[in-house]
2 protein chains.
Amino acid sequence: MNAVTPAEVGAEVREMALAAQAAARRLVASTTDARNQALLGAANRLDERRHELREANALDMQRARESSLDSALLDRLELSEARIDAMLDGLRQVAALPDPVGAIRDMRTRPSGIRVGKMRVPLGVIGIIYESRPNVTADAASLCIKSGNAAILRGGSEALNSNAVIAAAMAEGLAAAGLDAAAVQLVQTRDRAAVGALLALEGLIDVVIPRGGKSLVERISREARVPVIKHLDGICHVYIDASADLEMALAIAVNAKTQRYGTCNTMETLLLHEQEAPGLLPLLARAFRDADVELRGCERTLGILPDAVLATEADWGTEYLAPILSLRIVENIDEAMAHIDRYGSGHTEAIVTAHYQRSQRFLREVDSASVIVNASTRFADGFEYGLGAEIGISTDKLHARGPVGLEGLTSEKYVVLGDGQIRT
Amino acid sequence: MNAVTPAEVGAEVREMALAAQAAARRLVASTTDARNQALLGAANRLDERRHELREANALDMQRARESSLDSALLDRLELSEARIDAMLDGLRQVAALPDPVGAIRDMRTRPSGIRVGKMRVPLGVIGIIYESRPNVTADAASLCIKSGNAAILRGGSEALNSNAVIAAAMAEGLAAAGLDAAAVQLVQTRDRAAVGALLALEGLIDVVIPRGGKSLVERISREARVPVIKHLDGICHVYIDASADLEMALAIAVNAKTQRYGTCNTMETLLLHEQEAPGLLPLLARAFRDADVELRGCERTLGILPDAVLATEADWGTEYLAPILSLRIVENIDEAMAHIDRYGSGHTEAIVTAHYQRSQRFLREVDSASVIVNASTRFADGFEYGLGAEIGISTDKLHARGPVGLEGLTSEKYVVLGDGQIRT
């Protein structure tokens with residue numbers, strides 16, 4: 001915690017990025033086995049350092065309490081024995097995933113005789129900027145290593161002691177496997193200028209992934225001169241279509257809203273076909289009131305549920321992250337999709353329907369990262385999708401969309417195999 | 001050519017983008033057949049308007065001569081009968097390509113019972129900013145329509161009359177096929193504020209693709225608040241490995257440099273293994289001197305070819321686009337790849353080798369959009385790769401790399417099929 005100038009912080013971050021780039025160049029030539037051994041070794045080292053990690057975390061927790069951090073943040077900061085076990089499991093699970101690097105697809109012979117295909121390769125150097133949860137350090141670093149990328153980690157300053165132990169174990173795992181320990185580096189300064197410096201490193205940092213609240217993500221997207229993989233909002237919709245199975249509709253709607261309130265794939269607005277509204281709304285209202293969910297409805301909704309609050313224009317565009325639900329009655333699937341188009345955040349939308357053509361229209365026409373038929377929006381998640389783990393979620397349209405796993409940390413280059421062909 | 005304020009230009013471009021977004025929403029629901037009919041219809045309409053197009057082009061040419069445009073630009077501006085024929089052929093060829101939209105891959109059943117896969121979908125609204133060649137209007141618009149995207153075209157003001165006739169034919173083709181004519185719109189103002197306005201339309205324009213000289217591309221990348229698919233330089237390398245087939249090496253080196261000088265996939269630097277240099281350099285020197293190519297070599301090169309010019313540090317990082325070639329003798333493949341890593345632009349690199357392991361190392365470790373074994377760098381091209389056509393080339397690492405065809409104009413979203421699953 002020496003006093004340093006922004007220029008010194010910038011120079012330090014730049015040195016880290018140069019070391020990361022050199023490490024990435026070597027990592028791309030590493031074997032799958034060496035990268036897996038690095039992850040398994042990191043898990044073992046972390047297990048050996050468990051006592052040290054608990055002490056570091058206790059120090060972080062003490063300081064956080066002294067700074068009057070709120071209880072939700074304190075909860076996320078804490079590393080219980082169970083959470084450490086989960087982190088070790090996570091490292092071992094990532095080691096067990098298939099290696100995405102080097103896969104070649106669509107290799108075809110062209111009339112000239114050359115063979116052309118696409119090879120999956122690491123992106124290079126990935127910056128991860130995140131908030132209080134220290135387990136992100138292990139999750140993010142492991143996904144980067146597995147996919148052949150170097151990681152520069154900038155965690156929350158409240159978790160610095162915990163993160164330092166985890167990052168050291170990752171570096172030891174790399175070194176023990178004969179890989180460059182600089183493939184995982186933690187930005188250790190608490191100086192906020194470090195984030196700005198990272199975001200300015202065009203040509204050194206290949207992509208930055210922010211994980212945290214909307215204000216963090218907005219600031220990073222605005223400032224970054226390097227590419228960013230991100231999502232801002234999760235204003236997710238469920239549309240209950242005409243003639244949907246009402247039992248299924250009720251179960252999905254309740255699950256999508258109440259299974260967890262604070263997650264980005266939680267439903268915020270329920271759209272209901274007018275044909276089903278009179279029968280279904282009272283059942284929905286009872287279920288949501290049992291769960292203490294406040295209902296805010298359109299005028300037609302209030303005609304059936306006079307106790308609901310009248311939704312304002314602002315409600316349709318709000319990610320509540322809380323036990324509040326907006327309800328709108330629509331005439332048909334077109335009105336439902338138009339509502340999603342206007343107010344949605346491109347994250348996750350679901351339709352409950354028994355109608356084949358409408359299910360296909362919804363799948364094709366709804367422009368969101370995840371589009372779901374007859375299941376809860378809560379499934380929009382890297383583990384549920386089978387990615388093994390996720391490093392974040394993207395609502396951007398280019399590159400990766402939705403939960404981002406190993407594949408999203410890679411890109412594809414063209415590879416050409418010839419026998420001496422020249423162009424004529 | 002009324003005097004208008006930048007705010008008026010901005011409002012006009014924004015109106016176009018809103019119309020394009022609405023058109024894109026409808027296009028995503030269109031059939032493959034309707035989009036193909038639009039392209040075939042556009043070709044027919046353009047054929048009917050051939051006389052009008054020739055007159056519009058003659059007017060553009062006359063103004064360009066009056067403005068003293070250089071002869072290379074005049075040549076690119078001119079639409080001969082043969083070039084119009086090629087444009088019509090291009091439209092019909094794009095119509096004949098497979099539809100990328102709607103393809104679903106990797107659909108897998110998860111333990112929860114949901115099935116998860118990825119569906120290829122259009123990006124939405126694509127802005128194309130290009131210089132004098134009017135045939136880009138038809139090429140770019142056809143690739144956008146085929147892939148279900150709306151296009152906003154901003155061509156060079158010197159080609160405005162020609163572009164207007166082509167864009168009108170495209171719009172007529174769309175309308176005749178029952179699609180929204182606003183899916184292809186040409187920015188008709190000559191005001192340069194229009195480009196800045198396009199680049200600022202976050203949330204309305206999904207990606208901008210600049211096609212033109214480096215200064216245009218640099219300006220657009222710097223200014224854009226929307227994503228950009230681009231390449232700046234094409235500093236392409238050929239590395240001739242130890243024990244390469246010398247006849248093949250000679251043929252590839254000469255072709256990569258001399259087949260065309262002004263293209264981005266032309267070789268600018270030849271790297272030569274020291275073992276092959278004494279035998280091969282005199283042969284290369286003779287061939288390049290026959291073609292009037294100036295040679296600039298490292299010191300070791302000059303030891304064998306005393307007549308060559310000594311290359312400066314700047315030479316290694318220069319895209320000559322001219323009959324000039326840099327030559328460097330290297331100790332081994334590692335030195336060759338380190339040179340490429342330091343000076344290359346990530347566009348296209350080739351190795352000439354007879355050695356299996358080194359071919360595989362080069363393929364995997366060289367971080368360029370196209371990596372080639374035993375063929376000329378000149379193959380790095382959408383047509384040669386079988387994309388049917390290309391809308392540009394990307395040296396970015398995220399999203400599309402290398403020649404960008406229909407697939408690069410799409411992204412993949414997650415689709416989930418359930419039977420009422422909820423998360424527990």
# chains A, B, ... in the order shown; residues from 1 in each chain; ligands from 1
>>> interface_residues(of="chain A", to="chain B", cutoff="7 Å", atoms="only C-alpha atoms", output="ChimeraX atom specification")
/A:28-29,110,116,123,248,252,255,363,365,368-376,378-379,385-386,397-399,401-402,411-423
>>> select_by_dssp(residues="segment 98-170 of chain A", states="strand (DSSP E)", output="ChimeraX atom specification")
/A:104-109,115-122,125-130,150-154
>>> residues_around(residues="Glu335 of chain A", least_positions_apart="4", cutoff="12 Å", atoms="only C-alpha atoms", output="list in words")
Tyr239, Asp241, Leu271, Leu272, His273, Glu274, Arg328, Ile329, Val330, Glu331, His339, Ile340, Asp341, Arg342 and Phe362 of chain A
>>> select_by_dssp(residues="segment 69-240 of chain A", states="alpha helix (DSSP H)", output="PDB file with N, CA and C atoms, in the first residue's frame")
ATOM      1  N   SER A  71     -24.157  -7.221   4.587  1.00  0.00           N
ATOM      2  CA  SER A  71     -24.096  -8.640   4.908  1.00  0.00           C
ATOM      3  C   SER A  71     -24.058  -9.516   3.652  1.00  0.00           C
ATOM      4  N   ALA A  72     -24.690  -9.053   2.561  1.00  0.00           N
ATOM      5  CA  ALA A  72     -24.655  -9.853   1.333  1.00  0.00           C
ATOM      6  C   ALA A  72     -23.227  -9.943   0.815  1.00  0.00           C
ATOM      7  N   LEU A  73     -22.505  -8.813   0.845  1.00  0.00           N
ATOM      8  CA  LEU A  73     -21.121  -8.817   0.392  1.00  0.00           C
ATOM      9  C   LEU A  73     -20.250  -9.666   1.309  1.00  0.00           C
ATOM     10  N   LEU A  74     -20.485  -9.545   2.626  1.00  0.00           N
ATOM     11  CA  LEU A  74     -19.718 -10.356   3.581  1.00  0.00           C
ATOM     12  C   LEU A  74     -19.931 -11.840   3.307  1.00  0.00           C
ATOM     13  N   ASP A  75     -21.190 -12.211   3.017  1.00  0.00           N
ATOM     14  CA  ASP A  75     -21.480 -13.613   2.738  1.00  0.00           C
ATOM     15  C   ASP A  75     -20.714 -14.092   1.509  1.00  0.00           C
ATOM     16  N   ARG A  76     -20.665 -13.234   0.476  1.00  0.00           N
ATOM     17  CA  ARG A  76     -19.985 -13.649  -0.755  1.00  0.00           C
ATOM     18  C   ARG A  76     -18.472 -13.731  -0.552  1.00  0.00           C
ATOM     19  N   LEU A  77     -17.967 -12.919   0.349  1.00  0.00           N
ATOM     20  CA  LEU A  77     -16.525 -12.879   0.602  1.00  0.00           C
ATOM     21  C   LEU A  77     -16.040 -14.107   1.377  1.00  0.00           C
ATOM     22  N   GLU A  81     -15.182 -23.913   4.771  1.00  0.00           N
ATOM     23  CA  GLU A  81     -14.548 -25.172   4.334  1.00  0.00           C
ATOM     24  C   GLU A  81     -15.294 -25.743   3.135  1.00  0.00           C
ATOM     25  N   ALA A  82     -16.627 -25.651   3.174  1.00  0.00           N
ATOM     26  CA  ALA A  82     -17.426 -26.205   2.070  1.00  0.00           C
ATOM     27  C   ALA A  82     -17.145 -25.450   0.777  1.00  0.00           C
ATOM     28  N   ARG A  83     -16.991 -24.146   0.868  1.00  0.00           N
ATOM     29  CA  ARG A  83     -16.713 -23.376  -0.344  1.00  0.00           C
ATOM     30  C   ARG A  83     -15.316 -23.673  -0.892  1.00  0.00           C
ATOM     31  N   ILE A  84     -14.367 -23.899   0.021  1.00  0.00           N
ATOM     32  CA  ILE A  84     -13.020 -24.276  -0.443  1.00  0.00           C
ATOM     33  C   ILE A  84     -13.083 -25.644  -1.129  1.00  0.00           C
ATOM     34  N   ASP A  85     -13.834 -26.567  -0.539  1.00  0.00           N
ATOM     35  CA  ASP A  85     -14.003 -27.883  -1.175  1.00  0.00           C
ATOM     36  C   ASP A  85     -14.599 -27.734  -2.572  1.00  0.00           C
ATOM     37  N   ALA A  86     -15.609 -26.850  -2.678  1.00  0.00           N
ATOM     38  CA  ALA A  86     -16.260 -26.653  -3.979  1.00  0.00           C
ATOM     39  C   ALA A  86     -15.271 -26.077  -4.990  1.00  0.00           C
ATOM     40  N   MET A  87     -14.384 -25.201  -4.519  1.00  0.00           N
ATOM     41  CA  MET A  87     -13.396 -24.601  -5.402  1.00  0.00           C
ATOM     42  C   MET A  87     -12.419 -25.669  -5.910  1.00  0.00           C
ATOM     43  N   LEU A  88     -11.983 -26.544  -5.013  1.00  0.00           N
ATOM     44  CA  LEU A  88     -11.069 -27.637  -5.409  1.00  0.00           C
ATOM     45  C   LEU A  88     -11.767 -28.576  -6.403  1.00  0.00           C
ATOM     46  N   ASP A  89     -13.033 -28.907  -6.111  1.00  0.00           N
ATOM     47  CA  ASP A  89     -13.816 -29.726  -7.038  1.00  0.00           C
ATOM     48  C   ASP A  89     -13.886 -29.065  -8.398  1.00  0.00           C
ATOM     49  N   GLY A  90     -14.112 -27.746  -8.391  1.00  0.00           N
ATOM     50  CA  GLY A  90     -14.228 -26.998  -9.645  1.00  0.00           C
ATOM     51  C   GLY A  90     -12.958 -27.118 -10.474  1.00  0.00           C
ATOM     52  N   LEU A  91     -11.804 -26.964  -9.822  1.00  0.00           N
ATOM     53  CA  LEU A  91     -10.530 -27.087 -10.536  1.00  0.00           C
ATOM     54  C   LEU A  91     -10.398 -28.479 -11.161  1.00  0.00           C
ATOM     55  N   ARG A  92     -10.761 -29.492 -10.400  1.00  0.00           N
ATOM     56  CA  ARG A  92     -10.626 -30.874 -10.912  1.00  0.00           C
ATOM     57  C   ARG A  92     -11.626 -31.144 -12.030  1.00  0.00           C
ATOM     58  N   GLN A  93     -12.817 -30.529 -11.914  1.00  0.00           N
ATOM     59  CA  GLN A  93     -13.811 -30.717 -12.984  1.00  0.00           C
ATOM     60  C   GLN A  93     -13.362 -30.052 -14.286  1.00  0.00           C
ATOM     61  N   VAL A  94     -12.774 -28.877 -14.171  1.00  0.00           N
ATOM     62  CA  VAL A  94     -12.297 -28.208 -15.394  1.00  0.00           C
ATOM     63  C   VAL A  94     -11.174 -29.033 -16.031  1.00  0.00           C
ATOM     64  N   ALA A  95     -10.299 -29.608 -15.181  1.00  0.00           N
ATOM     65  CA  ALA A  95      -9.242 -30.475 -15.718  1.00  0.00           C
ATOM     66  C   ALA A  95      -9.842 -31.646 -16.503  1.00  0.00           C
ATOM     67  N   ALA A  96     -11.018 -32.117 -16.067  1.00  0.00           N
ATOM     68  CA  ALA A  96     -11.629 -33.280 -16.716  1.00  0.00           C
ATOM     69  C   ALA A  96     -12.392 -32.936 -17.995  1.00  0.00           C
ATOM     70  N   ASN A 135     -13.797 -17.182  -4.871  1.00  0.00           N
ATOM     71  CA  ASN A 135     -13.756 -18.413  -5.663  1.00  0.00           C
ATOM     72  C   ASN A 135     -13.706 -18.139  -7.162  1.00  0.00           C
ATOM     73  N   VAL A 136     -14.102 -16.914  -7.583  1.00  0.00           N
ATOM     74  CA  VAL A 136     -13.981 -16.557  -9.007  1.00  0.00           C
ATOM     75  C   VAL A 136     -12.517 -16.632  -9.446  1.00  0.00           C
ATOM     76  N   THR A 137     -11.596 -16.340  -8.521  1.00  0.00           N
ATOM     77  CA  THR A 137     -10.173 -16.402  -8.856  1.00  0.00           C
ATOM     78  C   THR A 137      -9.803 -17.774  -9.399  1.00  0.00           C
ATOM     79  N   ALA A 138     -10.243 -18.818  -8.697  1.00  0.00           N
ATOM     80  CA  ALA A 138      -9.922 -20.182  -9.140  1.00  0.00           C
ATOM     81  C   ALA A 138     -10.732 -20.572 -10.375  1.00  0.00           C
ATOM     82  N   ASP A 139     -12.025 -20.237 -10.381  1.00  0.00           N
ATOM     83  CA  ASP A 139     -12.887 -20.603 -11.522  1.00  0.00           C
ATOM     84  C   ASP A 139     -12.358 -19.990 -12.814  1.00  0.00           C
ATOM     85  N   ALA A 140     -12.131 -18.669 -12.774  1.00  0.00           N
ATOM     86  CA  ALA A 140     -11.752 -17.954 -13.989  1.00  0.00           C
ATOM     87  C   ALA A 140     -10.370 -18.388 -14.453  1.00  0.00           C
ATOM     88  N   ALA A 141      -9.433 -18.489 -13.516  1.00  0.00           N
ATOM     89  CA  ALA A 141      -8.070 -18.876 -13.898  1.00  0.00           C
ATOM     90  C   ALA A 141      -8.063 -20.280 -14.495  1.00  0.00           C
ATOM     91  N   SER A 142      -8.865 -21.181 -13.918  1.00  0.00           N
ATOM     92  CA  SER A 142      -8.830 -22.558 -14.425  1.00  0.00           C
ATOM     93  C   SER A 142      -9.393 -22.642 -15.845  1.00  0.00           C
ATOM     94  N   LEU A 143     -10.453 -21.887 -16.118  1.00  0.00           N
ATOM     95  CA  LEU A 143     -11.010 -21.909 -17.477  1.00  0.00           C
ATOM     96  C   LEU A 143     -10.026 -21.307 -18.473  1.00  0.00           C
ATOM     97  N   CYS A 144      -9.329 -20.259 -18.054  1.00  0.00           N
ATOM     98  CA  CYS A 144      -8.334 -19.652 -18.951  1.00  0.00           C
ATOM     99  C   CYS A 144      -7.204 -20.629 -19.256  1.00  0.00           C
ATOM    100  N   ILE A 145      -6.641 -21.253 -18.211  1.00  0.00           N
ATOM    101  CA  ILE A 145      -5.523 -22.187 -18.426  1.00  0.00           C
ATOM    102  C   ILE A 145      -5.968 -23.343 -19.312  1.00  0.00           C
ATOM    103  N   LYS A 146      -7.117 -23.929 -18.976  1.00  0.00           N
ATOM    104  CA  LYS A 146      -7.601 -25.074 -19.747  1.00  0.00           C
ATOM    105  C   LYS A 146      -7.713 -24.738 -21.230  1.00  0.00           C
ATOM    106  N   LEU A 160      -8.515  -9.242  -1.344  1.00  0.00           N
ATOM    107  CA  LEU A 160      -7.145  -9.315  -1.849  1.00  0.00           C
ATOM    108  C   LEU A 160      -6.312 -10.408  -1.179  1.00  0.00           C
ATOM    109  N   ASN A 161      -6.412 -10.547   0.134  1.00  0.00           N
ATOM    110  CA  ASN A 161      -5.595 -11.563   0.811  1.00  0.00           C
ATOM    111  C   ASN A 161      -6.006 -12.975   0.409  1.00  0.00           C
ATOM    112  N   SER A 162      -7.322 -13.199   0.323  1.00  0.00           N
ATOM    113  CA  SER A 162      -7.806 -14.521  -0.099  1.00  0.00           C
ATOM    114  C   SER A 162      -7.365 -14.806  -1.536  1.00  0.00           C
ATOM    115  N   ASN A 163      -7.573 -13.817  -2.403  1.00  0.00           N
ATOM    116  CA  ASN A 163      -7.234 -14.007  -3.813  1.00  0.00           C
ATOM    117  C   ASN A 163      -5.745 -14.285  -4.005  1.00  0.00           C
ATOM    118  N   ALA A 164      -4.914 -13.637  -3.195  1.00  0.00           N
ATOM    119  CA  ALA A 164      -3.467 -13.814  -3.360  1.00  0.00           C
ATOM    120  C   ALA A 164      -3.056 -15.260  -3.075  1.00  0.00           C
ATOM    121  N   VAL A 165      -3.667 -15.868  -2.071  1.00  0.00           N
ATOM    122  CA  VAL A 165      -3.325 -17.272  -1.768  1.00  0.00           C
ATOM    123  C   VAL A 165      -3.782 -18.176  -2.909  1.00  0.00           C
ATOM    124  N   ILE A 166      -4.989 -17.927  -3.412  1.00  0.00           N
ATOM    125  CA  ILE A 166      -5.506 -18.768  -4.499  1.00  0.00           C
ATOM    126  C   ILE A 166      -4.648 -18.612  -5.751  1.00  0.00           C
ATOM    127  N   ALA A 167      -4.317 -17.359  -6.093  1.00  0.00           N
ATOM    128  CA  ALA A 167      -3.520 -17.131  -7.299  1.00  0.00           C
ATOM    129  C   ALA A 167      -2.132 -17.744  -7.158  1.00  0.00           C
ATOM    130  N   ALA A 168      -1.569 -17.700  -5.948  1.00  0.00           N
ATOM    131  CA  ALA A 168      -0.250 -18.306  -5.735  1.00  0.00           C
ATOM    132  C   ALA A 168      -0.312 -19.814  -5.947  1.00  0.00           C
ATOM    133  N   ALA A 169      -1.387 -20.432  -5.464  1.00  0.00           N
ATOM    134  CA  ALA A 169      -1.536 -21.880  -5.667  1.00  0.00           C
ATOM    135  C   ALA A 169      -1.668 -22.211  -7.150  1.00  0.00           C
ATOM    136  N   MET A 170      -2.383 -21.353  -7.893  1.00  0.00           N
ATOM    137  CA  MET A 170      -2.531 -21.576  -9.348  1.00  0.00           C
ATOM    138  C   MET A 170      -1.157 -21.474 -10.020  1.00  0.00           C
ATOM    139  N   ALA A 171      -0.386 -20.458  -9.635  1.00  0.00           N
ATOM    140  CA  ALA A 171       0.936 -20.268 -10.236  1.00  0.00           C
ATOM    141  C   ALA A 171       1.848 -21.451  -9.907  1.00  0.00           C
ATOM    142  N   GLU A 172       1.741 -21.959  -8.691  1.00  0.00           N
ATOM    143  CA  GLU A 172       2.549 -23.127  -8.314  1.00  0.00           C
ATOM    144  C   GLU A 172       2.142 -24.364  -9.114  1.00  0.00           C
ATOM    145  N   GLY A 173       0.852 -24.503  -9.332  1.00  0.00           N
ATOM    146  CA  GLY A 173       0.378 -25.623 -10.155  1.00  0.00           C
ATOM    147  C   GLY A 173       0.949 -25.549 -11.566  1.00  0.00           C
ATOM    148  N   LEU A 174       0.952 -24.330 -12.133  1.00  0.00           N
ATOM    149  CA  LEU A 174       1.508 -24.136 -13.474  1.00  0.00           C
ATOM    150  C   LEU A 174       2.991 -24.502 -13.506  1.00  0.00           C
ATOM    151  N   ALA A 175       3.731 -23.957 -12.538  1.00  0.00           N
ATOM    152  CA  ALA A 175       5.173 -24.176 -12.524  1.00  0.00           C
ATOM    153  C   ALA A 175       5.486 -25.668 -12.361  1.00  0.00           C
ATOM    154  N   ALA A 176       4.739 -26.340 -11.466  1.00  0.00           N
ATOM    155  CA  ALA A 176       4.996 -27.767 -11.231  1.00  0.00           C
ATOM    156  C   ALA A 176       4.722 -28.591 -12.485  1.00  0.00           C
ATOM    157  N   ALA A 193      -6.622   2.811 -10.337  1.00  0.00           N
ATOM    158  CA  ALA A 193      -6.051   3.129 -11.656  1.00  0.00           C
ATOM    159  C   ALA A 193      -5.660   1.860 -12.407  1.00  0.00           C
ATOM    160  N   ALA A 194      -5.494   0.747 -11.674  1.00  0.00           N
ATOM    161  CA  ALA A 194      -5.088  -0.500 -12.327  1.00  0.00           C
ATOM    162  C   ALA A 194      -6.130  -0.955 -13.349  1.00  0.00           C
ATOM    163  N   VAL A 195      -7.413  -0.760 -13.033  1.00  0.00           N
ATOM    164  CA  VAL A 195      -8.466  -1.194 -13.961  1.00  0.00           C
ATOM    165  C   VAL A 195      -8.402  -0.380 -15.250  1.00  0.00           C
ATOM    166  N   GLY A 196      -8.292   0.928 -15.100  1.00  0.00           N
ATOM    167  CA  GLY A 196      -8.178   1.782 -16.291  1.00  0.00           C
ATOM    168  C   GLY A 196      -6.972   1.403 -17.134  1.00  0.00           C
ATOM    169  N   ALA A 197      -5.867   1.079 -16.465  1.00  0.00           N
ATOM    170  CA  ALA A 197      -4.649   0.704 -17.188  1.00  0.00           C
ATOM    171  C   ALA A 197      -4.861  -0.584 -17.975  1.00  0.00           C
ATOM    172  N   LEU A 198      -5.514  -1.565 -17.362  1.00  0.00           N
ATOM    173  CA  LEU A 198      -5.815  -2.834 -18.044  1.00  0.00           C
ATOM    174  C   LEU A 198      -6.653  -2.599 -19.297  1.00  0.00           C
ATOM    175  N   LEU A 199      -7.664  -1.745 -19.158  1.00  0.00           N
ATOM    176  CA  LEU A 199      -8.631  -1.540 -20.237  1.00  0.00           C
ATOM    177  C   LEU A 199      -8.025  -0.797 -21.424  1.00  0.00           C
ATOM    178  N   LYS A 214     -24.052  -4.024 -12.310  1.00  0.00           N
ATOM    179  CA  LYS A 214     -24.250  -3.317 -13.566  1.00  0.00           C
ATOM    180  C   LYS A 214     -23.350  -2.087 -13.679  1.00  0.00           C
ATOM    181  N   SER A 215     -23.108  -1.395 -12.550  1.00  0.00           N
ATOM    182  CA  SER A 215     -22.325  -0.157 -12.654  1.00  0.00           C
ATOM    183  C   SER A 215     -20.876  -0.484 -12.993  1.00  0.00           C
ATOM    184  N   LEU A 216     -20.352  -1.587 -12.440  1.00  0.00           N
ATOM    185  CA  LEU A 216     -18.997  -2.024 -12.801  1.00  0.00           C
ATOM    186  C   LEU A 216     -18.924  -2.347 -14.290  1.00  0.00           C
ATOM    187  N   VAL A 217     -19.894  -3.115 -14.762  1.00  0.00           N
ATOM    188  CA  VAL A 217     -19.866  -3.554 -16.163  1.00  0.00           C
ATOM    189  C   VAL A 217     -20.024  -2.359 -17.108  1.00  0.00           C
ATOM    190  N   GLU A 218     -20.907  -1.434 -16.742  1.00  0.00           N
ATOM    191  CA  GLU A 218     -21.097  -0.237 -17.582  1.00  0.00           C
ATOM    192  C   GLU A 218     -19.826   0.590 -17.668  1.00  0.00           C
ATOM    193  N   ARG A 219     -19.182   0.769 -16.524  1.00  0.00           N
ATOM    194  CA  ARG A 219     -17.961   1.572 -16.512  1.00  0.00           C
ATOM    195  C   ARG A 219     -16.893   0.922 -17.399  1.00  0.00           C
ATOM    196  N   ILE A 220     -16.770  -0.385 -17.280  1.00  0.00           N
ATOM    197  CA  ILE A 220     -15.742  -1.087 -18.048  1.00  0.00           C
ATOM    198  C   ILE A 220     -16.044  -1.028 -19.540  1.00  0.00           C
ATOM    199  N   SER A 221     -17.310  -1.239 -19.922  1.00  0.00           N
ATOM    200  CA  SER A 221     -17.659  -1.186 -21.347  1.00  0.00           C
ATOM    201  C   SER A 221     -17.386   0.187 -21.920  1.00  0.00           C
ATOM    202  N   ARG A 222     -17.659   1.195 -21.138  1.00  0.00           N
ATOM    203  CA  ARG A 222     -17.499   2.564 -21.618  1.00  0.00           C
ATOM    204  C   ARG A 222     -16.025   2.902 -21.809  1.00  0.00           C
ATOM    205  N   GLU A 223     -15.210   2.475 -20.838  1.00  0.00           N
ATOM    206  CA  GLU A 223     -13.798   2.865 -20.848  1.00  0.00           C
ATOM    207  C   GLU A 223     -12.929   2.014 -21.753  1.00  0.00           C
TER     208      GLU A 223
END
>>> closest_residue(among="A:Ala103, A:Ala64, A:Met16, A:Ala224", to="Ser157 of chain A", atoms="only C-alpha atoms")
A:Ala64
>>> residues_around(residues="Ala177 of chain B", least_positions_apart="6", cutoff="7 Å", atoms="only C-alpha atoms", output="ChimeraX atom specification")
/B:34,37-38
>>> write_last_selection(atoms="C-alpha atoms", output="short mmCIF file (atom, residue, chain, number, x, y, z; two decimals), in the first residue's frame")
data_model
loop_
_atom_site.label_atom_id
_atom_site.label_comp_id
_atom_site.auth_asym_id
_atom_site.auth_seq_id
_atom_site.Cartn_x
_atom_site.Cartn_y
_atom_site.Cartn_z
CA ALA B 34 -37.92 -15.42 -50.35
CA GLN B 37 -35.86 -14.65 -54.88
CA ALA B 38 -34.97 -11.15 -53.69
#
>>> atom_distance(atom1="atom CA of Gln188 of chain B", atom2="atom CA of Gly262 of chain B")
29.3 Å
>>> closest_residue(among="A:Ile128, A:Leu327, A:Val4, A:Val13", to="Ile391 of chain A", atoms="only C-alpha atoms")
A:Ile128
>>> residues_around(residues="Leu387 of chain A", least_positions_apart="6", cutoff="9 Å", atoms="only C-alpha atoms", output="PDB file with C-alpha atoms, in the first residue's frame")
ATOM      1  CA  LEU A  97     -13.353 -31.280 -19.471  1.00  0.00           C
ATOM      2  CA  ASP A 381     -26.410 -21.356 -16.986  1.00  0.00           C
ATOM      3  CA  PRO A 403     -23.147 -18.602 -20.877  1.00  0.00           C
ATOM      4  CA  VAL A 404     -19.466 -18.411 -21.847  1.00  0.00           C
ATOM      5  CA  GLY A 405     -17.378 -21.505 -21.219  1.00  0.00           C
ATOM      6  CA  LEU A 406     -14.191 -22.834 -22.748  1.00  0.00           C
ATOM      7  CA  GLU A 407     -15.384 -22.354 -26.325  1.00  0.00           C
TER       8      GLU A 407
END
>>> closest_residue(among="B:Glu131, B:Asp60, B:Asp191, B:Glu52", to="Pro6 of chain B", atoms="only C-alpha atoms")
B:Asp191
>>> residues_around(residues="Ala22 of chain A", least_positions_apart="2", cutoff="9 Å", atoms="only C-alpha atoms", output="list in words")
Ala17, Leu18, Ala19, Ala20, Ala24, Arg25, Arg26, Leu27, Ala150, Asp180, Ala182 and Ala183 of chain A
>>> write_last_selection(atoms="C-alpha atoms", output="PDB file, in the first residue's frame")
ATOM      1  CA  ALA A  17       0.463  -7.941 -19.529  1.00  0.00           C
ATOM      2  CA  LEU A  18       3.771  -8.374 -21.347  1.00  0.00           C
ATOM      3  CA  ALA A  19       4.609 -11.327 -19.115  1.00  0.00           C
ATOM      4  CA  ALA A  20       1.113 -12.711 -19.706  1.00  0.00           C
ATOM      5  CA  ALA A  24       0.266 -17.175 -23.608  1.00  0.00           C
ATOM      6  CA  ARG A  25       2.652 -17.730 -26.530  1.00  0.00           C
ATOM      7  CA  ARG A  26       4.130 -20.695 -24.648  1.00  0.00           C
ATOM      8  CA  LEU A  27       0.773 -21.982 -23.434  1.00  0.00           C
ATOM      9  CA  ALA A 150      -3.114 -16.425 -19.877  1.00  0.00           C
ATOM     10  CA  ASP A 180       4.887 -20.501 -17.214  1.00  0.00           C
ATOM     11  CA  ALA A 182       2.916 -15.885 -15.401  1.00  0.00           C
ATOM     12  CA  ALA A 183      -0.075 -17.486 -17.143  1.00  0.00           C
TER      13      ALA A 183
END
